[in-house]
$ cat data_31.cif   # mmCIF, C-alpha atoms (C1' of nucleotides) and all ligand atoms
data_structure
loop_
_atom_site.label_atom_id
_atom_site.label_comp_id
_atom_site.auth_asym_id
_atom_site.auth_seq_id
_atom_site.Cartn_x
_atom_site.Cartn_y
_atom_site.Cartn_z
CA MET A 1074 38.15 16.16 9.38
CA MET A 1075 35.44 14.06 10.95
CA VAL A 1076 33.13 15.36 13.64
CA ILE A 1077 30.97 13.33 15.97
CA ASN A 1078 27.84 15.23 16.92
CA HIS A 1079 25.95 14.99 20.21
CA ASN A 1080 23.84 12.17 18.82
CA ASN A 1081 26.88 10.16 17.85
CA TRP A 1082 26.32 10.41 14.14
CA VAL A 1083 29.63 10.57 12.37
CA MET A 1084 29.43 13.45 9.96
CA ARG A 1085 31.96 14.26 7.32
CA MET A 1086 32.42 18.01 7.39
CA SER A 1087 35.00 18.48 4.69
CA PHE A 1088 35.63 17.28 1.15
CA TYR A 1089 37.13 13.93 0.35
CA THR A 1090 40.70 13.78 -0.83
CA ALA A 1091 42.06 10.90 -2.88
CA ASP A 1092 43.46 9.54 0.36
CA SER A 1093 40.34 9.75 2.49
CA LEU A 1094 38.23 8.19 -0.26
CA LYS A 1095 40.81 5.46 -0.63
CA ALA A 1096 40.72 4.81 3.10
CA GLU A 1097 36.94 4.43 3.18
CA LEU A 1098 36.99 2.10 0.20
CA HIS A 1099 39.79 -0.03 1.62
CA GLU A 1100 37.90 -0.38 4.89
CA ARG A 1101 35.44 -2.48 2.94
CA GLY A 1102 37.91 -4.33 0.78
CA TRP A 1103 37.28 -2.17 -2.26
CA ARG A 1104 39.58 -0.23 -4.53
CA LEU A 1105 40.22 3.36 -5.47
CA THR A 1106 40.04 3.79 -9.22
CA PRO A 1107 40.54 6.89 -11.36
CA GLN A 1108 36.89 6.61 -12.38
CA ARG A 1109 35.66 6.75 -8.79
CA GLN A 1110 37.93 9.66 -7.99
CA ILE A 1111 36.80 11.63 -11.02
CA ILE A 1112 33.11 11.01 -10.35
CA LEU A 1113 33.37 12.05 -6.72
CA ASP A 1114 35.27 15.13 -7.83
CA ILE A 1115 32.42 16.14 -10.11
CA PHE A 1116 29.92 15.95 -7.25
CA GLN A 1117 32.18 17.76 -4.80
CA ASN A 1118 32.56 20.67 -7.18
CA LEU A 1119 28.95 20.81 -8.32
CA ASP A 1120 27.08 24.05 -7.58
CA ALA A 1121 24.76 23.84 -4.59
CA GLY A 1122 21.26 22.95 -5.70
CA LYS A 1123 22.34 20.93 -8.74
CA HIS A 1124 21.48 17.28 -9.08
CA LEU A 1125 22.77 14.88 -11.73
CA SER A 1126 21.16 11.84 -13.25
CA ALA A 1127 23.39 9.02 -14.49
CA GLU A 1128 22.93 10.31 -18.01
CA ASP A 1129 23.68 13.91 -16.97
CA LEU A 1130 26.86 12.72 -15.33
CA TYR A 1131 27.86 10.76 -18.41
CA ASP A 1132 27.44 13.81 -20.64
CA LEU A 1133 29.27 16.08 -18.24
CA LEU A 1134 32.18 13.66 -18.04
CA GLN A 1135 32.31 13.45 -21.82
CA THR A 1136 32.55 17.23 -22.19
CA GLU A 1137 35.44 17.17 -19.74
CA GLY A 1138 37.18 14.51 -21.78
CA HIS A 1139 36.62 11.61 -19.40
CA ASP A 1140 35.56 8.42 -21.16
CA ILE A 1141 33.80 6.61 -18.35
CA SER A 1142 31.19 4.06 -19.38
CA LEU A 1143 27.55 4.27 -18.39
CA SER A 1144 27.88 0.91 -16.64
CA THR A 1145 30.58 2.28 -14.40
CA ILE A 1146 28.61 5.41 -13.71
CA TYR A 1147 25.54 3.47 -12.61
CA ARG A 1148 27.67 1.21 -10.44
CA THR A 1149 29.61 4.07 -8.90
CA VAL A 1150 26.73 6.32 -7.91
CA LYS A 1151 24.89 3.38 -6.36
CA LEU A 1152 28.01 2.39 -4.48
CA MET A 1153 28.58 5.89 -3.16
CA ALA A 1154 24.95 6.26 -2.17
CA ARG A 1155 25.19 3.04 -0.17
CA MET A 1156 28.32 4.36 1.50
CA GLY A 1157 26.56 7.58 2.43
CA ILE A 1158 28.81 9.70 0.20
CA LEU A 1159 26.04 10.60 -2.25
CA ARG A 1160 22.31 11.14 -1.75
CA GLU A 1161 20.00 9.30 -4.12
CA LEU A 1162 17.03 11.54 -4.85
CA GLU A 1163 13.64 10.51 -6.18
CA LEU A 1164 12.46 13.73 -7.70
CA ALA A 1165 9.48 13.93 -10.00
CA GLU A 1166 11.06 12.45 -13.10
CA ASP A 1167 11.41 8.83 -14.06
CA HIS A 1168 15.02 8.50 -13.07
CA LYS A 1169 17.17 9.05 -10.02
CA HIS A 1170 19.29 12.09 -9.28
CA TYR A 1171 22.40 12.26 -7.16
CA GLU A 1172 24.10 14.96 -5.16
CA ILE A 1173 26.85 15.07 -2.56
CA ASN A 1174 25.77 14.27 1.00
CA GLN A 1175 27.09 17.09 3.14
CA PRO A 1176 25.35 17.57 6.48
CA TYR A 1177 26.33 21.23 6.44
CA HIS A 1178 24.34 21.70 3.28
CA HIS A 1179 21.63 19.25 4.19
CA HIS A 1180 18.38 20.22 2.57
CA HIS A 1181 15.07 18.89 1.34
CA HIS A 1182 12.80 19.11 -1.69
CA LEU A 1183 9.39 20.57 -2.39
CA ILE A 1184 8.13 19.17 -5.70
CA CYS A 1185 5.21 20.18 -7.87
CA VAL A 1186 3.64 16.92 -9.02
CA ARG A 1187 2.33 18.55 -12.17
CA CYS A 1188 5.23 20.54 -13.64
CA ASN A 1189 8.06 18.96 -11.62
CA GLN A 1190 9.38 22.33 -10.50
CA THR A 1191 11.48 21.69 -7.41
CA ILE A 1192 12.37 24.01 -4.57
CA GLU A 1193 15.06 23.21 -2.04
CA PHE A 1194 14.63 24.16 1.57
CA LYS A 1195 16.52 23.67 4.80
CA ASN A 1196 15.13 22.50 8.09
CA GLU A 1197 17.28 21.79 11.09
CA SER A 1198 14.92 19.43 12.85
CA VAL A 1199 14.66 16.89 10.03
CA LEU A 1200 18.19 15.63 10.50
CA LYS A 1201 17.57 15.37 14.23
CA ILE A 1202 14.48 13.26 13.65
CA GLY A 1203 16.36 10.99 11.26
CA ASP A 1204 19.20 10.70 13.70
CA LYS A 1205 16.96 9.89 16.63
CA THR A 1206 14.82 7.40 14.74
CA SER A 1207 17.66 5.44 13.19
CA LYS A 1208 19.51 5.34 16.47
CA LYS A 1209 16.46 4.06 18.31
CA GLU A 1210 16.19 1.15 15.89
CA GLY A 1211 19.92 0.46 15.88
CA TYR A 1212 20.31 1.52 12.26
CA HIS A 1213 23.40 3.27 10.93
CA LEU A 1214 22.16 6.51 9.37
CA LEU A 1215 23.24 7.31 5.83
CA ASP A 1216 20.81 10.03 4.77
CA CYS A 1217 17.37 11.35 5.46
CA GLN A 1218 15.21 13.32 3.08
CA LEU A 1219 11.93 15.08 3.51
CA THR A 1220 10.08 15.12 0.21
CA ILE A 1221 7.02 17.28 -0.12
CA HIS A 1222 4.61 16.61 -2.97
CA ALA A 1223 2.43 19.56 -3.79
CA VAL A 1224 0.95 21.70 -6.55
CA CYS A 1225 2.78 24.93 -7.34
CA PRO A 1226 0.96 28.26 -7.62
CA SER A 1227 0.95 28.42 -11.41
CA CYS A 1228 -0.29 24.84 -11.76
CA GLN A 1229 -3.09 25.59 -9.30
CA ARG A 1230 -4.33 28.27 -11.67
CA SER A 1231 -4.35 26.15 -14.82
CA ILE A 1232 -6.99 23.63 -15.77
CA LEU A 1233 -5.64 20.13 -15.48
CA PRO A 1234 -5.91 17.51 -18.20
CA VAL A 1235 -5.82 13.96 -16.83
CA TYR A 1236 -3.01 12.75 -19.03
CA MET B 458 -16.23 15.21 6.87
CA MET B 459 -13.49 17.67 6.07
CA VAL B 460 -11.50 19.45 8.73
CA ILE B 461 -9.38 22.54 8.31
CA ASN B 462 -6.48 22.54 10.72
CA HIS B 463 -4.84 25.57 12.27
CA ASN B 464 -2.45 25.80 9.36
CA ASN B 465 -5.25 25.85 6.85
CA TRP B 466 -4.43 22.53 5.29
CA VAL B 467 -7.61 20.80 4.27
CA MET B 468 -7.37 17.32 5.64
CA ARG B 469 -9.75 14.52 4.83
CA MET B 470 -10.44 12.78 8.11
CA SER B 471 -12.89 10.13 6.96
CA PHE B 472 -13.15 7.58 4.16
CA TYR B 473 -14.35 8.46 0.70
CA THR B 474 -17.81 7.38 -0.34
CA ALA B 475 -18.82 6.92 -3.95
CA ASP B 476 -20.36 10.39 -3.74
CA SER B 477 -17.41 12.22 -2.25
CA LEU B 478 -15.01 10.63 -4.72
CA LYS B 479 -17.37 11.54 -7.54
CA ALA B 480 -17.51 15.13 -6.33
CA GLU B 481 -13.72 15.49 -6.26
CA LEU B 482 -13.42 14.00 -9.73
CA HIS B 483 -16.15 16.19 -11.19
CA GLU B 484 -14.49 19.27 -9.74
CA ARG B 485 -11.74 18.64 -12.28
CA GLY B 486 -13.95 17.55 -15.17
CA TRP B 487 -13.22 13.89 -14.65
CA ARG B 488 -15.52 10.89 -14.27
CA LEU B 489 -16.30 8.34 -11.65
CA THR B 490 -15.87 4.84 -13.03
CA PRO B 491 -16.44 1.46 -11.36
CA GLN B 492 -12.72 0.81 -11.73
CA ARG B 493 -11.76 3.94 -9.80
CA GLN B 494 -14.28 3.18 -7.10
CA ILE B 495 -13.07 -0.40 -6.67
CA ILE B 496 -9.41 0.60 -6.55
CA LEU B 497 -10.00 3.29 -3.94
CA ASP B 498 -12.01 0.77 -1.94
CA ILE B 499 -9.08 -1.61 -1.86
CA PHE B 500 -6.79 1.06 -0.46
CA GLN B 501 -9.31 2.27 2.09
CA ASN B 502 -9.72 -1.22 3.49
CA LEU B 503 -6.05 -2.15 3.42
CA ASP B 504 -4.43 -2.97 6.78
CA ALA B 505 -2.29 -0.19 8.21
CA GLY B 506 1.31 -0.63 7.21
CA LYS B 507 0.57 -2.37 3.92
CA HIS B 508 1.70 -0.91 0.62
CA LEU B 509 0.72 -2.14 -2.82
CA SER B 510 2.63 -2.00 -6.07
CA ALA B 511 0.67 -1.82 -9.32
CA GLU B 512 1.29 -5.52 -9.81
CA ASP B 513 0.23 -6.32 -6.23
CA LEU B 514 -2.98 -4.42 -6.80
CA TYR B 515 -3.61 -6.23 -10.05
CA ASP B 516 -3.26 -9.63 -8.39
CA LEU B 517 -5.42 -8.63 -5.44
CA LEU B 518 -8.15 -7.38 -7.75
CA GLN B 519 -8.00 -10.62 -9.72
CA THR B 520 -8.49 -12.75 -6.60
CA GLU B 521 -11.51 -10.65 -5.79
CA GLY B 522 -12.92 -11.24 -9.26
CA HIS B 523 -12.31 -7.74 -10.61
CA ASP B 524 -10.91 -7.74 -14.14
CA ILE B 525 -9.23 -4.35 -14.24
CA SER B 526 -6.39 -3.97 -16.71
CA LEU B 527 -2.86 -3.09 -15.71
CA SER B 528 -3.07 0.04 -17.87
CA THR B 529 -6.01 1.27 -15.88
CA ILE B 530 -4.31 0.43 -12.62
CA TYR B 531 -1.21 2.41 -13.50
CA ARG B 532 -3.31 5.34 -14.66
CA THR B 533 -5.56 5.28 -11.60
CA VAL B 534 -2.92 5.15 -8.90
CA LYS B 535 -1.00 7.96 -10.57
CA LEU B 536 -4.18 10.01 -10.86
CA MET B 537 -5.08 9.47 -7.21
CA ALA B 538 -1.56 10.28 -6.08
CA ARG B 539 -1.72 13.56 -7.97
CA MET B 540 -5.05 14.31 -6.33
CA GLY B 541 -3.58 13.63 -2.89
CA ILE B 542 -5.79 10.58 -2.30
CA LEU B 543 -2.91 8.11 -2.41
CA ARG B 544 0.71 8.39 -1.37
CA GLU B 545 3.32 7.28 -3.87
CA LEU B 546 6.19 5.66 -2.01
CA GLU B 547 9.72 5.11 -3.26
CA LEU B 548 10.84 2.30 -1.04
CA ALA B 549 13.98 0.34 -1.72
CA GLU B 550 12.69 -1.82 -4.53
CA ASP B 551 12.58 -1.00 -8.22
CA HIS B 552 8.92 -0.12 -8.36
CA LYS B 553 6.56 2.25 -6.63
CA HIS B 554 4.21 1.43 -3.80
CA TYR B 555 0.95 3.11 -2.95
CA GLU B 556 -1.05 3.53 0.22
CA ILE B 557 -3.98 5.67 1.29
CA ASN B 558 -3.10 9.20 2.37
CA GLN B 559 -4.73 9.67 5.76
CA PRO B 560 -3.22 12.39 7.94
CA TYR B 561 -4.43 10.54 11.01
CA HIS B 562 -2.23 7.61 10.07
CA HIS B 563 0.53 9.70 8.58
CA HIS B 564 3.85 7.96 8.95
CA HIS B 565 7.32 7.67 7.50
CA HIS B 566 9.83 5.04 6.46
CA LEU B 567 13.23 3.91 7.68
CA ILE B 568 14.84 1.76 4.99
CA CYS B 569 17.91 -0.46 5.07
CA VAL B 570 19.74 0.21 1.81
CA ARG B 571 21.27 -3.26 1.85
CA CYS B 572 18.40 -5.68 2.64
CA ASN B 573 15.48 -3.31 1.99
CA GLN B 574 13.91 -4.02 5.37
CA THR B 575 11.55 -1.13 6.10
CA ILE B 576 10.29 0.19 9.41
CA GLU B 577 7.42 2.63 9.66
CA PHE B 578 7.46 5.37 12.26
CA LYS B 579 5.35 8.33 13.21
CA ASN B 580 6.48 11.84 13.88
CA GLU B 581 4.13 14.69 14.50
CA SER B 582 6.45 17.49 13.49
CA VAL B 583 7.08 16.29 9.95
CA LEU B 584 3.60 17.13 8.76
CA LYS B 585 3.92 20.54 10.39
CA ILE B 586 7.15 21.21 8.53
CA GLY B 587 5.59 20.14 5.25
CA ASP B 588 2.58 22.26 5.91
CA LYS B 589 4.60 25.33 6.80
CA THR B 590 7.02 24.97 3.90
CA SER B 591 4.43 24.45 1.20
CA LYS B 592 2.31 27.27 2.53
CA LYS B 593 5.26 29.63 2.56
CA GLU B 594 5.89 28.94 -1.13
CA GLY B 595 2.24 29.08 -2.06
CA TYR B 596 2.11 25.39 -2.92
CA HIS B 597 -0.96 23.24 -2.30
CA LEU B 598 0.24 20.37 -0.11
CA LEU B 599 -0.56 16.83 -1.20
CA ASP B 600 1.77 14.71 0.89
CA CYS B 601 5.07 14.82 2.69
CA GLN B 602 7.31 11.89 3.46
CA LEU B 603 10.46 11.58 5.49
CA THR B 604 12.58 8.78 4.10
CA ILE B 605 15.56 7.60 6.10
CA HIS B 606 18.23 5.58 4.33
CA ALA B 607 20.35 3.56 6.71
CA VAL B 608 21.96 0.19 7.39
CA CYS B 609 20.05 -2.16 9.70
CA PRO B 610 21.73 -3.92 12.63
CA SER B 611 22.08 -7.31 10.95
CA CYS B 612 23.52 -5.81 7.77
CA GLN B 613 26.05 -3.87 9.84
CA ARG B 614 27.36 -7.19 11.15
CA SER B 615 27.80 -8.88 7.79
CA ILE B 616 30.67 -8.35 5.38
CA LEU B 617 29.51 -6.44 2.33
CA PRO B 618 30.10 -7.54 -1.23
CA VAL B 619 30.09 -4.66 -3.69
CA TYR B 620 27.50 -6.16 -6.05
"C1'" DG C 1346 -32.35 8.53 -25.95
"C1'" DT C 1347 -28.63 11.06 -28.12
"C1'" DC C 1348 -24.22 13.17 -28.06
"C1'" DT C 1349 -19.72 14.16 -26.61
"C1'" DT C 1350 -15.59 12.88 -24.89
"C1'" DA C 1351 -13.27 10.76 -20.92
"C1'" DT C 1352 -11.86 6.26 -19.92
"C1'" DT C 1353 -10.83 1.48 -20.59
"C1'" DG C 1354 -8.29 -2.57 -22.42
"C1'" DA C 1355 -4.79 -4.79 -25.26
"C1'" DG C 1356 -0.59 -4.82 -26.64
"C1'" DA C 1357 3.41 -2.42 -28.53
"C1'" DA C 1358 7.00 0.75 -27.28
"C1'" DT C 1359 10.16 3.08 -24.22
"C1'" DA C 1360 13.89 3.72 -21.29
"C1'" DA C 1361 16.17 3.36 -16.92
"C1'" DC C 1362 18.83 0.23 -15.10
"C1'" DT C 1363 21.07 -4.36 -14.45
"C1'" DC C 1364 23.59 -8.40 -15.92
"C1'" DT C 1365 27.09 -11.10 -18.31
"C1'" DC C 1366 31.40 -11.76 -19.91
"C1'" DT C 1367 35.91 -10.44 -21.26
"C1'" DT C 1368 39.69 -7.41 -20.45
"C1'" DT C 1369 42.09 -4.37 -17.61
"C1'" DT C 1370 44.24 -2.84 -13.53
"C1'" DA C 1371 44.69 -1.78 -8.32
"C1'" DA C 1372 46.77 -3.55 -4.56
"C1'" DT C 1373 49.55 -6.96 -2.23
"C1'" DT C 1374 53.65 -9.74 -1.77
"C1'" DA C 1375 58.15 -11.52 -2.83
"C1'" DT D 1197 60.31 -4.40 -9.81
"C1'" DA D 1198 57.83 -8.41 -11.20
"C1'" DA D 1199 54.31 -11.76 -10.31
"C1'" DT D 1200 49.78 -12.71 -8.48
"C1'" DT D 1201 44.94 -12.18 -7.54
"C1'" DA D 1202 40.67 -10.43 -7.48
"C1'" DA D 1203 38.13 -6.17 -8.01
"C1'" DA D 1204 36.57 -3.10 -11.40
"C1'" DA D 1205 35.82 -1.35 -16.10
"C1'" DG D 1206 33.77 -1.52 -20.64
"C1'" DA D 1207 30.62 -3.22 -24.19
"C1'" DG D 1208 26.53 -4.59 -25.22
"C1'" DA D 1209 22.67 -7.66 -24.46
"C1'" DG D 1210 18.76 -8.28 -21.43
"C1'" DT D 1211 15.16 -7.01 -18.15
"C1'" DT D 1212 11.10 -4.86 -16.61
"C1'" DA D 1213 8.41 -1.15 -14.71
"C1'" DT D 1214 5.89 2.13 -16.81
"C1'" DT D 1215 3.97 4.73 -20.67
"C1'" DC D 1216 1.92 5.18 -25.13
"C1'" DT D 1217 -1.31 4.27 -28.99
"C1'" DC D 1218 -5.57 3.42 -30.71
"C1'" DA D 1219 -9.96 1.28 -31.21
"C1'" DA D 1220 -13.97 0.24 -28.36
"C1'" DT D 1221 -16.77 1.47 -24.45
"C1'" DA D 1222 -19.47 4.09 -21.32
"C1'" DA D 1223 -20.13 8.26 -18.02
"C1'" DG D 1224 -22.33 12.41 -17.75
"C1'" DA D 1225 -24.86 16.31 -19.81
"C1'" DC D 1226 -28.93 17.87 -22.11
MN MN E 1401 19.05 19.10 -3.78
MN MN E 1402 3.74 2.90 4.93
ZN ZN E 1403 3.67 23.16 -11.06
ZN ZN E 1404 19.57 -4.61 6.30
#
$ encode --input "data_31.cif" --output "structure tokens"
Amino acid sequence: MMVINHNNWVMRMSFYTADSLKAELHERGWRLTPQRQIILDIFQNLDAGKHLSAEDLYDLLQTEGHDISLSTIYRTVKLMARMGILRELELAEDHKHYEINQPYHHHHHLICVRCNQTIEFKNESVLKIGDKTSKKEGYHLLDCQLTIHAVCPSCQRSILPVY
Amino acid sequence: MMVINHNNWVMRMSFYTADSLKAELHERGWRLTPQRQIILDIFQNLDAGKHLSAEDLYDLLQTEGHDISLSTIYRTVKLMARMGILRELELAEDHKHYEINQPYHHHHHLICVRCNQTIEFKNESVLKIGDKTSKKEGYHLLDCQLTIHAVCPSCQRSILPVY
DNA sequence: GTCTTATTGAGAATAACTCTCTTTTAATTA
DNA sequence: TAATTAAAAGAGAGTTATTCTCAATAAGAC
């Protein structure tokens, strides 16, 4: 099911099936592979609030018996982020995290810059701002993320070494 | 001059002087060095809308006759970002960019995921959301950024290769 | 001026990610 | 169903932004 909201942003409201993923890939001249299907499956069934790095995803796939190479994983998550299927998150660590991009569960991140503790929060107006801004400039919206950098309560209490 | 807004977020409204920078460093047991002063100076006098990578900053310093090592540059921008003096931006490229963090000139970024073209835009409510959210969780706000990932008009027209 | 220790500079090390190249295979067509 | 073609996968080398290490320097305190 696809829904077009009042601002004309096409939002996918339900999960992908093999067929709907295939259709979106074929639209662009690309192919549906078992690897892509399996990777999307992982993200669609991931608990809310969980993010995976490429390495995380590799390990998870291994434990489930799927031998998908790191190269393919890197290529696939980037591809899906550029399609708007996944969100590419820059949290506090030195690598990217990915999660499914579901407008219904659209949320944002509050990050402690010292201990990297991350809190998720929802805010209805952020998506509206992203929608309005991208539309105004003629851009096709894929995702918008509000990232708050801050110092958490316990880190405020401790004395901070520079390095 | 420091101003406390209605939400209690301490916002620095004016430029740092050697003295005010020194004071903030000493508060944490750190030192004011010529290198830190020079680097902050660069950012404070940078044209609005310009962002510098570590490498950019290194080159700019060289042309101005300042021999500051890359190590020091990396350490300094990270330090100042964690103090809330600089904003650390994850734009579309594979390295970070930095700019001064001035609430008066607070703005956000709309990025084309295909050609990396970036548009800056302002939105008054974003800072309010960041303020409210961090306060609610007891976090000390440093910065908040809304990043919109999208496809620009000209990239929408072109046929997309996967890689 | 002396002392302590944070900071700098130089270069090595790390690691996330990309690239290259060969092999495999998805999708199309006959 | 078999043949064809080009996209995608896998393996591993390569790249590069960033961090780390350590000796030398210098900021700040007394
Ligand atoms: Mn999340
Ligand atoms: Mn900017
Ligand atoms: Zn913390
Ligand atoms: Zn573009």
$ interface_residues --input "data_31.cif" --of "chain B" --to "chain C" --cutoff "8 Å" --atoms "all atoms listed in the file" --output "short mmCIF file (atom, residue, chain, number, x, y, z; two decimals) with C-alpha atoms, in the frame of the given file"
data_model
loop_
_atom_site.label_atom_id
_atom_site.label_comp_id
_atom_site.auth_asym_id
_atom_site.auth_seq_id
_atom_site.Cartn_x
_atom_site.Cartn_y
_atom_site.Cartn_z
CA TRP B 487 -13.22 13.89 -14.65
CA ARG B 488 -15.52 10.89 -14.27
CA SER B 526 -6.39 -3.97 -16.71
CA SER B 528 -3.07 0.04 -17.87
CA THR B 529 -6.01 1.27 -15.88
#
$ closest_residue --input "data_31.cif" --among "A:Ile1112, A:Ala1127, A:Leu1134, A:Ile1141" --to "chain D" --atoms "only C-alpha atoms (C1' of nucleotides)"
A:Ile1141
$ closest_residue --input "data_31.cif" --among "A:Lys1123, A:Ile1158, A:Asp1167, A:Glu1097" --to "DT1215 of chain D" --atoms "all atoms listed in the file"
A:Asp1167
$ interface_residues --input "data_31.cif" --of "chain D" --to "chain A" --cutoff "10 Å" --atoms "all atoms listed in the file" --output "PyMOL selection string"
chain D and resi 1203-1207+1214
$ atom_distance --input "data_31.cif" --atom1 "atom CA of Leu584 of chain B" --atom2 "atom CA of Ile1192 of chain A"
17.4 Å
$ closest_residue --input "data_31.cif" --among "A:Leu1113, A:Leu1214, A:Leu1098, A:Ile1173" --to "ligand ZN 1404 (chain E)" --atoms "only C-alpha atoms and all ligand atoms"
A:Leu1214
$ atom_distance --input "data_31.cif" --atom1 "atom CA of Leu1094 of chain A" --atom2 "atom C1' of DA1202 of chain D"
20.1 Å
